Structures are given as C-alpha cells and as structure tokens.
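Undergrad: Below is one structure. I have some questions about it.
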Amino acid sequence: MQDLDYSAWDMLKGYEPFSLCDWPGRISAVLFFGGCNLRCPTCHNASFAWHPESFPVLDCLGVLEQVQRNRNWLEGLVLTGGEVTILPGFDSLLHDLSSLNIPIKLDTNGLSPDCVKLALEHSSIKMIAVDIKGPWHMYPGLTGDRAAPGQARDCLGQILELAADSPERFMFRITRVPGLSDPDIENVKAWLPPGFELKVQDYRPSRITANQ
Ligand code: SF4
C-alpha cells in the first residue's frame, strides 16, 4: 500500500468503520467518495456529492491502516458516494483496495457501464449495488437533467446484461422519492433479469458531516 495513485484517494471524504446496513448480512466498513455526475433533486447528500471541495480530504493511509487493523472481524468494505465510478484513477483505487484482501461492494448509479465492466475484472468486487432512479422516461426529472431517457436505457441496459451474466455479483435498488408511484416501481421491477429483486428504499438523511 506504498505507491497509491492519489487521484481517486483525494476524493475520500468520509469513513465509517462499522456498518451493519450498507452491505446487508455483512459487517462492513464504508468509504465515502465525493463528487457525482448526477444532480438528483432528492439527493440525500447533495453538498457532499456536488460540492466535495467543501469537505476535507481524509488521510487515506490512516483509514487503510484502520481497515487493515479491523480485518479479523470485517466482512466487507463498501465504496459509496457520490458516484465512485466517475473518479479519476478509479481502476487504481480498486487495485489498491484489492490488496487488502477484503470483499468489496461498490455502490453505483449505473450510468458508467464501462467502469462497472472494469470493476467486474477485479475479483475482490463481490457485489455491485445499482441504484435505478425510476422508469427511463423519468430520468431527466429524477437526475436534475443529467441523464436523458435514451442514455439511461442504454447505460442501465448494459448493466442489466452484465447482471444477467453474473447474477451473484449484482443487486438493484430504487429509492421511493416524491413523484415515484407504485406503478413506476413495478415498471422498473419488470426490467430486471429473472431471479433479481428490486429493493425499495425510503429516503434517509445524510450521515456525512463536514468535520469527518
Ligand atoms: S446519484 Fe446519488 S449521490 Fe449522485 S446526485 Fe443522485 S442521489 Fe445524489
């Protein structure tokens, strides 16, 4: 862990050493990276996702040392944001983390399918949790006009194909935001490959604070 490519690590803005909810069924540590390609009006961490420069950068070596110290009881490491896949140096980040030899879960909005393909090449990535915002036609409104319906269909269509090929490495979620109806959620459920469930989440407030 000596020669880190700091381009991604410079966006490490939060660390939770112990979580029971970020990877269901596993005791996990969580790394929060700032920055996002979307501007969802219901974002639970808008300042963190959109203005990461206003949060201090964590000492990644100190965080990694702590993760390593907790390896005996940790069952997973969760990478979340923001949107981790858009980080410069994303592949190097995965390479660095793979050396910890801890199973990794990646949270993503699924709009960078090439990066998700890249992540799948790392055997340490055991789970990719994809947040689907809603039906394709609602993407402009749900993402602050950052994703057109066709873009959402193309990107998430690729993700759904990847999931069909590696079902054990994917899970899908949707957040019940204002304006999203039960039929909308049923619509999304119908796109998932056979055998997948769509986990419906309620909105929850941020756990990140600027002094972390
Ligand atoms: S994808 Fe997630 S982090 Fe990014 S703006 Fe939307 S809710 Fe916020």
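To be explicit about the labels: the chains of the structure tokens are called A, B, and onward in the order shown, and within each one the residues are counted from 1, while ligands get numbers from 1 in the order they are shown.
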To check your reading of the model: which residues sit at most 8 Å from ligand 1 when counting only C-alpha atoms and all ligand atoms? Write the answer as a ChimeraX atom specification.
TA: /A:35-46,48-50,81-83,108-109,131,143
Undergrad: Would you list the contacts of Arg153 of chain A as a PyMOL selection string, taking every protein, DNA or RNA residue within 10 Å and counting only C-alpha atoms, but skipping same-chain residues closer than 5 positions in sequence?
TA: chain A and resi 111+135-137+139+147-148+158-159
Undergrad: Tell me, as a list in words, which residues lie within 8 Å of Asp91 of chain A, counting only C-alpha atoms; anything in the same chain fewer than 3 positions away does not count.
TA: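 Final neighbour list, sorted by chain and number: Leu94, His95, Leu118 and Ala119 of chain A.
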Undergrad: As an NGL selection string, please: every residue in segment 30-196 of chain A that a backbone DSSP assignment puts in helix (DSSP H, G or I).
TA: :A and (46-50 or 52-54 or 60-69 or 84-86 or 90-98 or 113-120 or 136-142 or 149-165 or 167-169 or 182-189)
Undergrad: Would you save the residues of that selection, restricted to C-alpha atoms, as a PDB file, in the first residue's frame?
TA:
ATOM      1  CA  ALA A  46     -26.214  16.921  -2.129  1.00  0.00           C
ATOM      2  CA  SER A  47     -23.477  19.094  -0.680  1.00  0.00           C
ATOM      3  CA  PHE A  48     -21.159  16.128  -0.443  1.00  0.00           C
ATOM      4  CA  ALA A  49     -21.977  14.903  -3.958  1.00  0.00           C
ATOM      5  CA  TRP A  50     -21.998  18.273  -5.695  1.00  0.00           C
ATOM      6  CA  PRO A  52     -16.953  17.811  -2.492  1.00  0.00           C
ATOM      7  CA  GLU A  53     -14.344  20.554  -2.318  1.00  0.00           C
ATOM      8  CA  SER A  54     -16.097  21.876   0.789  1.00  0.00           C
ATOM      9  CA  CYS A  60      -6.319   7.619   3.219  1.00  0.00           C
ATOM     10  CA  LEU A  61      -3.267   5.852   4.638  1.00  0.00           C
ATOM     11  CA  GLY A  62      -4.653   6.273   8.140  1.00  0.00           C
ATOM     12  CA  VAL A  63      -8.044   4.957   7.031  1.00  0.00           C
ATOM     13  CA  LEU A  64      -6.497   1.992   5.235  1.00  0.00           C
ATOM     14  CA  GLU A  65      -4.397   1.180   8.288  1.00  0.00           C
ATOM     15  CA  GLN A  66      -7.533   1.149  10.407  1.00  0.00           C
ATOM     16  CA  VAL A  67      -9.347  -1.071   7.899  1.00  0.00           C
ATOM     17  CA  GLN A  68      -6.409  -3.445   7.935  1.00  0.00           C
ATOM     18  CA  ARG A  69      -6.370  -3.476  11.740  1.00  0.00           C
ATOM     19  CA  VAL A  84     -17.354   6.282  -7.198  1.00  0.00           C
ATOM     20  CA  THR A  85     -17.122   5.139 -10.826  1.00  0.00           C
ATOM     21  CA  ILE A  86     -16.514   8.675 -12.132  1.00  0.00           C
ATOM     22  CA  PHE A  90     -10.964   4.511 -10.380  1.00  0.00           C
ATOM     23  CA  ASP A  91      -9.135   1.404 -11.575  1.00  0.00           C
ATOM     24  CA  SER A  92      -6.075   2.220  -9.467  1.00  0.00           C
ATOM     25  CA  LEU A  93      -8.344   2.702  -6.479  1.00  0.00           C
ATOM     26  CA  LEU A  94      -9.794  -0.786  -6.960  1.00  0.00           C
ATOM     27  CA  HIS A  95      -6.309  -2.159  -7.390  1.00  0.00           C
ATOM     28  CA  ASP A  96      -5.173  -0.533  -4.117  1.00  0.00           C
ATOM     29  CA  LEU A  97      -8.191  -1.832  -2.232  1.00  0.00           C
ATOM     30  CA  SER A  98      -7.938  -5.330  -3.662  1.00  0.00           C
ATOM     31  CA  PRO A 113     -21.248   0.857 -17.555  1.00  0.00           C
ATOM     32  CA  ASP A 114     -17.660   0.710 -18.831  1.00  0.00           C
ATOM     33  CA  CYS A 115     -16.416   1.365 -15.303  1.00  0.00           C
ATOM     34  CA  VAL A 116     -18.735  -1.305 -13.949  1.00  0.00           C
ATOM     35  CA  LYS A 117     -17.257  -3.739 -16.503  1.00  0.00           C
ATOM     36  CA  LEU A 118     -13.817  -2.715 -15.281  1.00  0.00           C
ATOM     37  CA  ALA A 119     -14.855  -3.299 -11.685  1.00  0.00           C
ATOM     38  CA  LEU A 120     -16.023  -6.816 -12.533  1.00  0.00           C
ATOM     39  CA  TRP A 136     -36.326   5.683 -18.259  1.00  0.00           C
ATOM     40  CA  HIS A 137     -38.713   8.473 -19.213  1.00  0.00           C
ATOM     41  CA  MET A 138     -38.439   9.931 -15.691  1.00  0.00           C
ATOM     42  CA  TYR A 139     -34.651  10.139 -15.679  1.00  0.00           C
ATOM     43  CA  PRO A 140     -34.361  13.824 -16.656  1.00  0.00           C
ATOM     44  CA  GLY A 141     -36.570  14.878 -13.748  1.00  0.00           C
ATOM     45  CA  LEU A 142     -35.036  12.397 -11.307  1.00  0.00           C
ATOM     46  CA  PRO A 149     -34.133   8.690 -21.216  1.00  0.00           C
ATOM     47  CA  GLY A 150     -32.117   7.133 -24.046  1.00  0.00           C
ATOM     48  CA  GLN A 151     -28.862   7.440 -22.098  1.00  0.00           C
ATOM     49  CA  ALA A 152     -30.441   5.801 -19.058  1.00  0.00           C
ATOM     50  CA  ARG A 153     -31.854   2.993 -21.182  1.00  0.00           C
ATOM     51  CA  ASP A 154     -28.525   2.373 -22.931  1.00  0.00           C
ATOM     52  CA  CYS A 155     -26.335   2.526 -19.821  1.00  0.00           C
ATOM     53  CA  LEU A 156     -28.575   0.581 -17.497  1.00  0.00           C
ATOM     54  CA  GLY A 157     -29.428  -1.839 -20.290  1.00  0.00           C
ATOM     55  CA  GLN A 158     -25.720  -2.733 -20.412  1.00  0.00           C
ATOM     56  CA  ILE A 159     -25.686  -3.109 -16.637  1.00  0.00           C
ATOM     57  CA  LEU A 160     -28.711  -5.428 -16.747  1.00  0.00           C
ATOM     58  CA  GLU A 161     -26.895  -7.605 -19.308  1.00  0.00           C
ATOM     59  CA  LEU A 162     -23.832  -7.766 -17.066  1.00  0.00           C
ATOM     60  CA  ALA A 163     -26.068  -8.725 -14.158  1.00  0.00           C
ATOM     61  CA  ALA A 164     -27.714 -11.485 -16.163  1.00  0.00           C
ATOM     62  CA  ASP A 165     -24.229 -12.939 -16.785  1.00  0.00           C
ATOM     63  CA  PRO A 167     -26.189 -12.580 -11.008  1.00  0.00           C
ATOM     64  CA  GLU A 168     -24.300 -13.330  -7.797  1.00  0.00           C
ATOM     65  CA  ARG A 169     -22.421 -10.022  -8.109  1.00  0.00           C
ATOM     66  CA  ASP A 182     -46.051   2.215  -7.155  1.00  0.00           C
ATOM     67  CA  PRO A 183     -46.711   1.564 -10.875  1.00  0.00           C
ATOM     68  CA  ASP A 184     -43.401   3.315 -11.676  1.00  0.00           C
ATOM     69  CA  ILE A 185     -41.601   0.980  -9.288  1.00  0.00           C
ATOM     70  CA  GLU A 186     -43.401  -2.060 -10.743  1.00  0.00           C
ATOM     71  CA  ASN A 187     -42.323  -0.838 -14.172  1.00  0.00           C
ATOM     72  CA  VAL A 188     -38.660  -0.896 -13.094  1.00  0.00           C
ATOM     73  CA  LYS A 189     -39.037  -4.323 -11.451  1.00  0.00           C
TER      74      LYS A 189
END
Undergrad: Grab the atom CA of Leu74 of chain A to atom CA of Ala29 of chain A distance for me, in Å with one decimal place.
TA: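 So the two atoms, atom CA of Leu74 of chain A and atom CA of Ala29 of chain A, lie 7.1 Å apart.
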